[in-house]
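Okay, final-v9.pdb now, which holds PDB, C-alpha atoms:
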```pdb
ATOM      1  CA  MET X   1     -35.691  -8.287  25.930  1.00  0.00           C
ATOM      2  CA  THR X   2     -33.254  -5.487  26.724  1.00  0.00           C
ATOM      3  CA  LEU X   3     -30.573  -7.493  28.531  1.00  0.00           C
ATOM      4  CA  PRO X   4     -27.740  -7.077  28.839  1.00  0.00           C
ATOM      5  CA  ILE X   5     -27.460  -3.323  29.125  1.00  0.00           C
ATOM      6  CA  PRO X   6     -24.883  -2.357  26.529  1.00  0.00           C
ATOM      7  CA  GLY X   7     -21.684  -0.794  27.818  1.00  0.00           C
ATOM      8  CA  HIS X   8     -20.683   2.706  26.828  1.00  0.00           C
ATOM      9  CA  ARG X   9     -17.066   3.547  25.917  1.00  0.00           C
ATOM     10  CA  LEU X  10     -15.318   6.914  25.878  1.00  0.00           C
ATOM     11  CA  ARG X  11     -11.855   8.307  25.153  1.00  0.00           C
ATOM     12  CA  ILE X  12     -10.928  11.127  27.566  1.00  0.00           C
ATOM     13  CA  PRO X  13     -10.327  14.324  25.534  1.00  0.00           C
ATOM     14  CA  ALA X  14      -7.518  16.771  26.351  1.00  0.00           C
ATOM     15  CA  GLU X  15      -9.960  19.591  27.137  1.00  0.00           C
ATOM     16  CA  TRP X  16     -11.401  17.530  30.029  1.00  0.00           C
ATOM     17  CA  ILE X  17      -8.058  17.435  31.864  1.00  0.00           C
ATOM     18  CA  ASP X  18      -7.455  19.860  34.744  1.00  0.00           C
ATOM     19  CA  TYR X  19      -4.279  21.510  36.052  1.00  0.00           C
ATOM     20  CA  ASN X  20      -3.566  18.420  38.187  1.00  0.00           C
ATOM     21  CA  GLY X  21      -3.165  16.372  35.019  1.00  0.00           C
ATOM     22  CA  HIS X  22      -6.261  14.190  35.435  1.00  0.00           C
ATOM     23  CA  LEU X  23      -9.939  14.189  34.510  1.00  0.00           C
ATOM     24  CA  ASN X  24     -11.661  17.264  35.951  1.00  0.00           C
ATOM     25  CA  VAL X  25     -14.444  16.636  38.476  1.00  0.00           C
ATOM     26  CA  GLY X  26     -17.070  18.286  36.278  1.00  0.00           C
ATOM     27  CA  TYR X  27     -16.224  16.078  33.328  1.00  0.00           C
ATOM     28  CA  TYR X  28     -16.812  12.916  35.335  1.00  0.00           C
ATOM     29  CA  ALA X  29     -20.426  14.131  35.473  1.00  0.00           C
ATOM     30  CA  VAL X  30     -20.395  14.655  31.699  1.00  0.00           C
ATOM     31  CA  ALA X  31     -18.944  11.176  31.134  1.00  0.00           C
ATOM     32  CA  PHE X  32     -21.579   9.584  33.368  1.00  0.00           C
ATOM     33  CA  ASP X  33     -24.257  11.628  31.610  1.00  0.00           C
ATOM     34  CA  LYS X  34     -23.159  10.108  28.293  1.00  0.00           C
ATOM     35  CA  ALA X  35     -23.435   6.632  29.849  1.00  0.00           C
ATOM     36  CA  THR X  36     -26.939   7.536  31.062  1.00  0.00           C
ATOM     37  CA  ASP X  37     -27.856   8.685  27.544  1.00  0.00           C
ATOM     38  CA  ALA X  38     -26.664   5.319  26.193  1.00  0.00           C
ATOM     39  CA  LEU X  39     -28.938   3.513  28.666  1.00  0.00           C
ATOM     40  CA  LEU X  40     -31.894   5.768  27.832  1.00  0.00           C
ATOM     41  CA  ASP X  41     -31.364   5.153  24.114  1.00  0.00           C
ATOM     42  CA  HIS X  42     -31.280   1.409  24.834  1.00  0.00           C
ATOM     43  CA  LEU X  43     -34.620   1.722  26.670  1.00  0.00           C
ATOM     44  CA  ASP X  44     -36.069   3.936  23.907  1.00  0.00           C
ATOM     45  CA  LEU X  45     -36.274   6.838  26.378  1.00  0.00           C
ATOM     46  CA  GLY X  46     -33.611   9.056  24.790  1.00  0.00           C
ATOM     47  CA  LEU X  47     -33.738  11.962  22.350  1.00  0.00           C
ATOM     48  CA  ALA X  48     -35.973  10.224  19.777  1.00  0.00           C
ATOM     49  CA  TYR X  49     -38.490   9.409  22.529  1.00  0.00           C
ATOM     50  CA  ARG X  50     -38.422  13.029  23.715  1.00  0.00           C
ATOM     51  CA  GLN X  51     -39.038  14.314  20.209  1.00  0.00           C
ATOM     52  CA  ARG X  52     -42.025  12.060  19.535  1.00  0.00           C
ATOM     53  CA  SER X  53     -43.643  12.094  22.999  1.00  0.00           C
ATOM     54  CA  ASN X  54     -42.642  15.424  24.588  1.00  0.00           C
ATOM     55  CA  HIS X  55     -41.553  13.454  27.666  1.00  0.00           C
ATOM     56  CA  SER X  56     -38.016  13.095  28.978  1.00  0.00           C
ATOM     57  CA  ILE X  57     -35.886  11.884  31.860  1.00  0.00           C
ATOM     58  CA  PHE X  58     -34.514  14.331  34.430  1.00  0.00           C
ATOM     59  CA  ILE X  59     -31.883  13.510  37.048  1.00  0.00           C
ATOM     60  CA  LEU X  60     -33.088  14.240  40.585  1.00  0.00           C
ATOM     61  CA  GLU X  61     -29.984  13.255  42.511  1.00  0.00           C
ATOM     62  CA  SER X  62     -26.435  12.173  41.793  1.00  0.00           C
ATOM     63  CA  HIS X  63     -23.630  10.763  43.910  1.00  0.00           C
ATOM     64  CA  VAL X  64     -20.176  10.286  42.364  1.00  0.00           C
ATOM     65  CA  THR X  65     -17.222   8.510  43.923  1.00  0.00           C
ATOM     66  CA  TYR X  66     -13.716   9.144  42.584  1.00  0.00           C
ATOM     67  CA  LEU X  67     -11.509   6.114  43.080  1.00  0.00           C
ATOM     68  CA  HIS X  68      -8.613   6.385  40.629  1.00  0.00           C
ATOM     69  CA  GLU X  69      -7.184   9.106  38.415  1.00  0.00           C
ATOM     70  CA  VAL X  70      -8.010   9.024  34.710  1.00  0.00           C
ATOM     71  CA  ALA X  71      -5.639  10.744  32.289  1.00  0.00           C
ATOM     72  CA  GLU X  72      -5.892  12.326  28.859  1.00  0.00           C
ATOM     73  CA  ASN X  73      -6.540  10.001  25.950  1.00  0.00           C
ATOM     74  CA  GLU X  74      -7.285   6.986  28.147  1.00  0.00           C
ATOM     75  CA  MET X  75     -10.251   4.805  27.197  1.00  0.00           C
ATOM     76  CA  VAL X  76     -12.899   4.099  29.808  1.00  0.00           C
ATOM     77  CA  ARG X  77     -15.899   1.807  29.672  1.00  0.00           C
ATOM     78  CA  PHE X  78     -19.073   1.927  31.710  1.00  0.00           C
ATOM     79  CA  ALA X  79     -20.976  -0.922  33.294  1.00  0.00           C
ATOM     80  CA  THR X  80     -24.543   0.192  33.945  1.00  0.00           C
ATOM     81  CA  ARG X  81     -27.149  -1.302  36.244  1.00  0.00           C
ATOM     82  CA  LEU X  82     -30.800  -0.507  36.814  1.00  0.00           C
ATOM     83  CA  LEU X  83     -30.983  -1.095  40.565  1.00  0.00           C
ATOM     84  CA  ASP X  84     -34.645  -0.242  41.017  1.00  0.00           C
ATOM     85  CA  ALA X  85     -37.596   1.409  39.327  1.00  0.00           C
ATOM     86  CA  ASP X  86     -41.186   2.366  39.927  1.00  0.00           C
ATOM     87  CA  GLY X  87     -43.902   3.908  37.761  1.00  0.00           C
ATOM     88  CA  LYS X  88     -42.000   7.190  37.324  1.00  0.00           C
ATOM     89  CA  ARG X  89     -38.419   6.756  38.571  1.00  0.00           C
ATOM     90  CA  LEU X  90     -35.199   4.911  37.777  1.00  0.00           C
ATOM     91  CA  HIS X  91     -32.386   4.174  40.246  1.00  0.00           C
ATOM     92  CA  LEU X  92     -29.226   3.791  38.152  1.00  0.00           C
ATOM     93  CA  PHE X  93     -25.637   2.875  38.866  1.00  0.00           C
ATOM     94  CA  HIS X  94     -22.655   3.355  36.554  1.00  0.00           C
ATOM     95  CA  ALA X  95     -19.161   1.987  37.151  1.00  0.00           C
ATOM     96  CA  MET X  96     -16.381   3.612  35.073  1.00  0.00           C
ATOM     97  CA  HIS X  97     -13.484   1.248  34.389  1.00  0.00           C
ATOM     98  CA  HIS X  98     -10.159   1.869  32.702  1.00  0.00           C
ATOM     99  CA  GLU X  99     -10.623  -0.098  29.508  1.00  0.00           C
ATOM    100  CA  GLN X 100      -7.100  -1.440  29.088  1.00  0.00           C
ATOM    101  CA  ASP X 101      -6.224  -2.251  32.711  1.00  0.00           C
ATOM    102  CA  GLY X 102      -9.721  -2.858  34.083  1.00  0.00           C
ATOM    103  CA  TRP X 103      -9.446  -0.928  37.357  1.00  0.00           C
ATOM    104  CA  LEU X 104     -12.444   0.930  38.720  1.00  0.00           C
ATOM    105  CA  ALA X 105     -11.968   4.679  38.232  1.00  0.00           C
ATOM    106  CA  ALA X 106     -15.269   6.116  39.484  1.00  0.00           C
ATOM    107  CA  THR X 107     -18.916   5.348  40.118  1.00  0.00           C
ATOM    108  CA  ALA X 108     -22.149   7.294  39.837  1.00  0.00           C
ATOM    109  CA  GLU X 109     -25.433   6.525  41.531  1.00  0.00           C
ATOM    110  CA  LEU X 110     -28.371   8.408  40.021  1.00  0.00           C
ATOM    111  CA  LEU X 111     -32.046   8.849  40.697  1.00  0.00           C
ATOM    112  CA  ALA X 112     -33.987   9.857  37.580  1.00  0.00           C
ATOM    113  CA  VAL X 113     -37.614  10.762  36.967  1.00  0.00           C
ATOM    114  CA  HIS X 114     -39.838  10.585  33.891  1.00  0.00           C
ATOM    115  CA  VAL X 115     -41.225  14.062  33.106  1.00  0.00           C
ATOM    116  CA  SER X 116     -43.994  15.477  30.936  1.00  0.00           C
ATOM    117  CA  LEU X 117     -42.396  18.459  29.210  1.00  0.00           C
ATOM    118  CA  ASN X 118     -45.834  20.008  28.647  1.00  0.00           C
ATOM    119  CA  GLU X 119     -46.503  20.163  32.387  1.00  0.00           C
ATOM    120  CA  ARG X 120     -42.875  20.149  33.633  1.00  0.00           C
ATOM    121  CA  ARG X 121     -43.967  17.564  36.203  1.00  0.00           C
ATOM    122  CA  SER X 122     -43.299  13.905  36.818  1.00  0.00           C
ATOM    123  CA  ALA X 123     -45.415  11.523  34.768  1.00  0.00           C
ATOM    124  CA  PRO X 124     -45.874   7.746  34.636  1.00  0.00           C
ATOM    125  CA  PHE X 125     -43.868   5.762  32.104  1.00  0.00           C
ATOM    126  CA  PRO X 126     -45.978   4.468  29.198  1.00  0.00           C
ATOM    127  CA  ALA X 127     -47.031   0.834  29.699  1.00  0.00           C
ATOM    128  CA  PRO X 128     -44.665  -0.708  27.097  1.00  0.00           C
ATOM    129  CA  HIS X 129     -41.683   1.109  28.622  1.00  0.00           C
ATOM    130  CA  LEU X 130     -42.765   0.226  32.144  1.00  0.00           C
ATOM    131  CA  ASP X 131     -42.856  -3.464  31.242  1.00  0.00           C
ATOM    132  CA  VAL X 132     -39.289  -3.388  29.890  1.00  0.00           C
ATOM    133  CA  ILE X 133     -38.025  -1.296  32.827  1.00  0.00           C
ATOM    134  CA  GLY X 134     -39.625  -3.709  35.298  1.00  0.00           C
ATOM    135  CA  GLU X 135     -38.102  -6.699  33.548  1.00  0.00           C
ATOM    136  CA  LEU X 136     -34.674  -5.090  33.531  1.00  0.00           C
ATOM    137  CA  ALA X 137     -34.849  -4.065  37.206  1.00  0.00           C
ATOM    138  CA  ALA X 138     -36.094  -7.515  38.227  1.00  0.00           C
ATOM    139  CA  ALA X 139     -33.180  -9.159  36.432  1.00  0.00           C
ATOM    140  CA  ASP X 140     -30.783  -7.201  38.655  1.00  0.00           C
ATOM    141  CA  THR X 141     -32.405  -7.875  42.043  1.00  0.00           C
ATOM    142  CA  ALA X 142     -30.432 -11.059  42.735  1.00  0.00           C
ATOM    143  CA  ARG X 143     -27.096  -9.252  42.524  1.00  0.00           C
ATOM    144  CA  PRO X 144     -25.789  -7.417  45.580  1.00  0.00           C
ATOM    145  CA  TRP X 145     -25.675  -3.649  45.359  1.00  0.00           C
ATOM    146  CA  PRO X 146     -22.269  -2.108  44.706  1.00  0.00           C
ATOM    147  CA  GLU X 147     -20.548  -0.918  47.876  1.00  0.00           C
ATOM    148  CA  GLN X 148     -20.628   2.691  46.602  1.00  0.00           C
ATOM    149  CA  CYS X 149     -24.461   2.752  46.567  1.00  0.00           C
ATOM    150  CA  GLY X 150     -26.409   4.504  49.268  1.00  0.00           C
ATOM    151  CA  ARG X 151     -23.410   6.238  50.752  1.00  0.00           C
ATOM    152  CA  VAL X 152     -23.723   9.319  52.911  1.00  0.00           C
ATOM    153  CA  ILE X 153     -21.268  12.199  52.646  1.00  0.00           C
ATOM    154  CA  GLY X 154     -19.580  13.155  55.885  1.00  0.00           C
ATOM    155  CA  ILE X 155     -16.360  13.054  57.845  1.00  0.00           C
ATOM    156  CA  ARG X 156     -16.072   9.729  59.608  1.00  0.00           C
ATOM    157  CA  ARG X 157     -14.581  10.042  63.063  1.00  0.00           C
ATOM    158  CA  PRO X 158     -13.550   7.270  65.414  1.00  0.00           C
ATOM    159  CA  ALA X 159     -15.864   6.866  68.401  1.00  0.00           C
ATOM    160  CA  GLY X 160     -15.194   9.412  71.128  1.00  0.00           C
ATOM    161  CA  ILE X 161     -13.403  11.937  68.873  1.00  0.00           C
ATOM    162  CA  ALA X 162     -15.197  15.164  68.041  1.00  0.00           C
TER     163      ALA X 162
END
```

Would you mind giving the structure from this file in structure tokens?
Amino acid sequence: MTLPIPGHRLRIPAEWIDYNGHLNVGYYAVAFDKATDALLDHLDLGLAYRQRSNHSIFILESHVTYLHEVAENEMVRFATRLLDADGKRLHLFHAMHHEQDGWLAATAELLAVHVSLNERRSAPFPAPHLDVIGELAAADTARPWPEQCGRVIGIRRPAGIA
């Protein structure tokens, strides 16, 4: 059993801070990537899996929401959910929280695919991994999706205003 998904923690380094004095947009992606790596390691789909199987996980799509500024040296923790999965893909969600105060700083919704590195094409998960992934995704189906999931980027205008 792989539940619960272990949380990832990270201290924000000085070199990730931009001229506005908060975490740079690009480093949010790096932070969420580290949380994804922690999940993949938990599922035995990380670096060791890549080295022994010549298969890996690629991100197909990413959507990040920025909700609160994060400053240098602050600790953040990630809550990770596997929202859905099929034979080749994972639909992930990470919520980044300020560790000390608990507020939600940012979220990332990701779509990932399992890839054969020999062919550089999508490939089915091996049966043992698929069983664990299915169990983990099924355990999350009763919970409502986070409000940040499935969002569309665009300027919202009141009706009748162009």

Review point. Could you write out as a PyMOL selection string the residues that the PyMOL selection byres ((chain X and resi 53) around 12) matches in the shown file?
Key: chain X and resi 44-52+54-57+114-118+123+125-126

Review point. Using the chain letters and numbers from the file, which residues does the PyMOL selection byres ((chain X and resi 133-148) around 12) grab, as JSON, numbers by chain?
Key: {"X": [1, 2, 3, 4, 5, 39, 40, 42, 43, 44, 45, 63, 64, 65, 66, 67, 79, 80, 81, 82, 83, 84, 85, 86, 87, 88, 89, 90, 91, 92, 93, 94, 95, 104, 106, 107, 108, 109, 110, 125, 126, 127, 128, 129, 130, 131, 132, 149, 150, 151, 152, 153]}

**Study point:** Residue neighbourhood range 100-102 of chain X, 9 Å, only C-alpha atoms, exclusion window fewer than 5 positions, as a list in words
**Key:**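 Close residues of range 100-102 of chain X: Glu74, Met75, Val76 and Arg77 of chain X.
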
**Study point:** Selection near Trp16 in chain X, 10 Å with only C-alpha atoms, sequence-local residues under 6 positions removed, as an MDAnalysis selection string
**Key:** chainID X and resid 22:28 30:31 71:73

Practice item. Just give me the gap between CA of Thr36 in chain X and CA of Pro13 in chain X in Å, one decimal is fine. Key: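 Separation between CA of Thr36 in chain X and CA of Pro13 in chain X: 18.8 Å.
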
Review point. Just how far from CA of Val113 in chain X is CA of Ser62 in chain X, in Å to one decimal?
Key: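 According to the coordinates, CA of Ser62 in chain X and CA of Val113 in chain X are separated by 12.3 Å.
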
Exercise for review: Have a look at CA of Glu69 in chain X and CA of Glu99 in chain X and let me know their distance in Å, one decimal.
Suggested key: 13.3 Å

Exercise for review: Return as a list of chain:residue names the set of residues that the PyMOL selection byres ((chain X and resi 59) around 6) yields on the displayed structure.
Suggested key: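 Going through the file, the PyMOL selection byres ((chain X and resi 59) around 6) ends up selecting X:Phe58, X:Leu60, X:Glu61, X:Leu111, X:Ala112.
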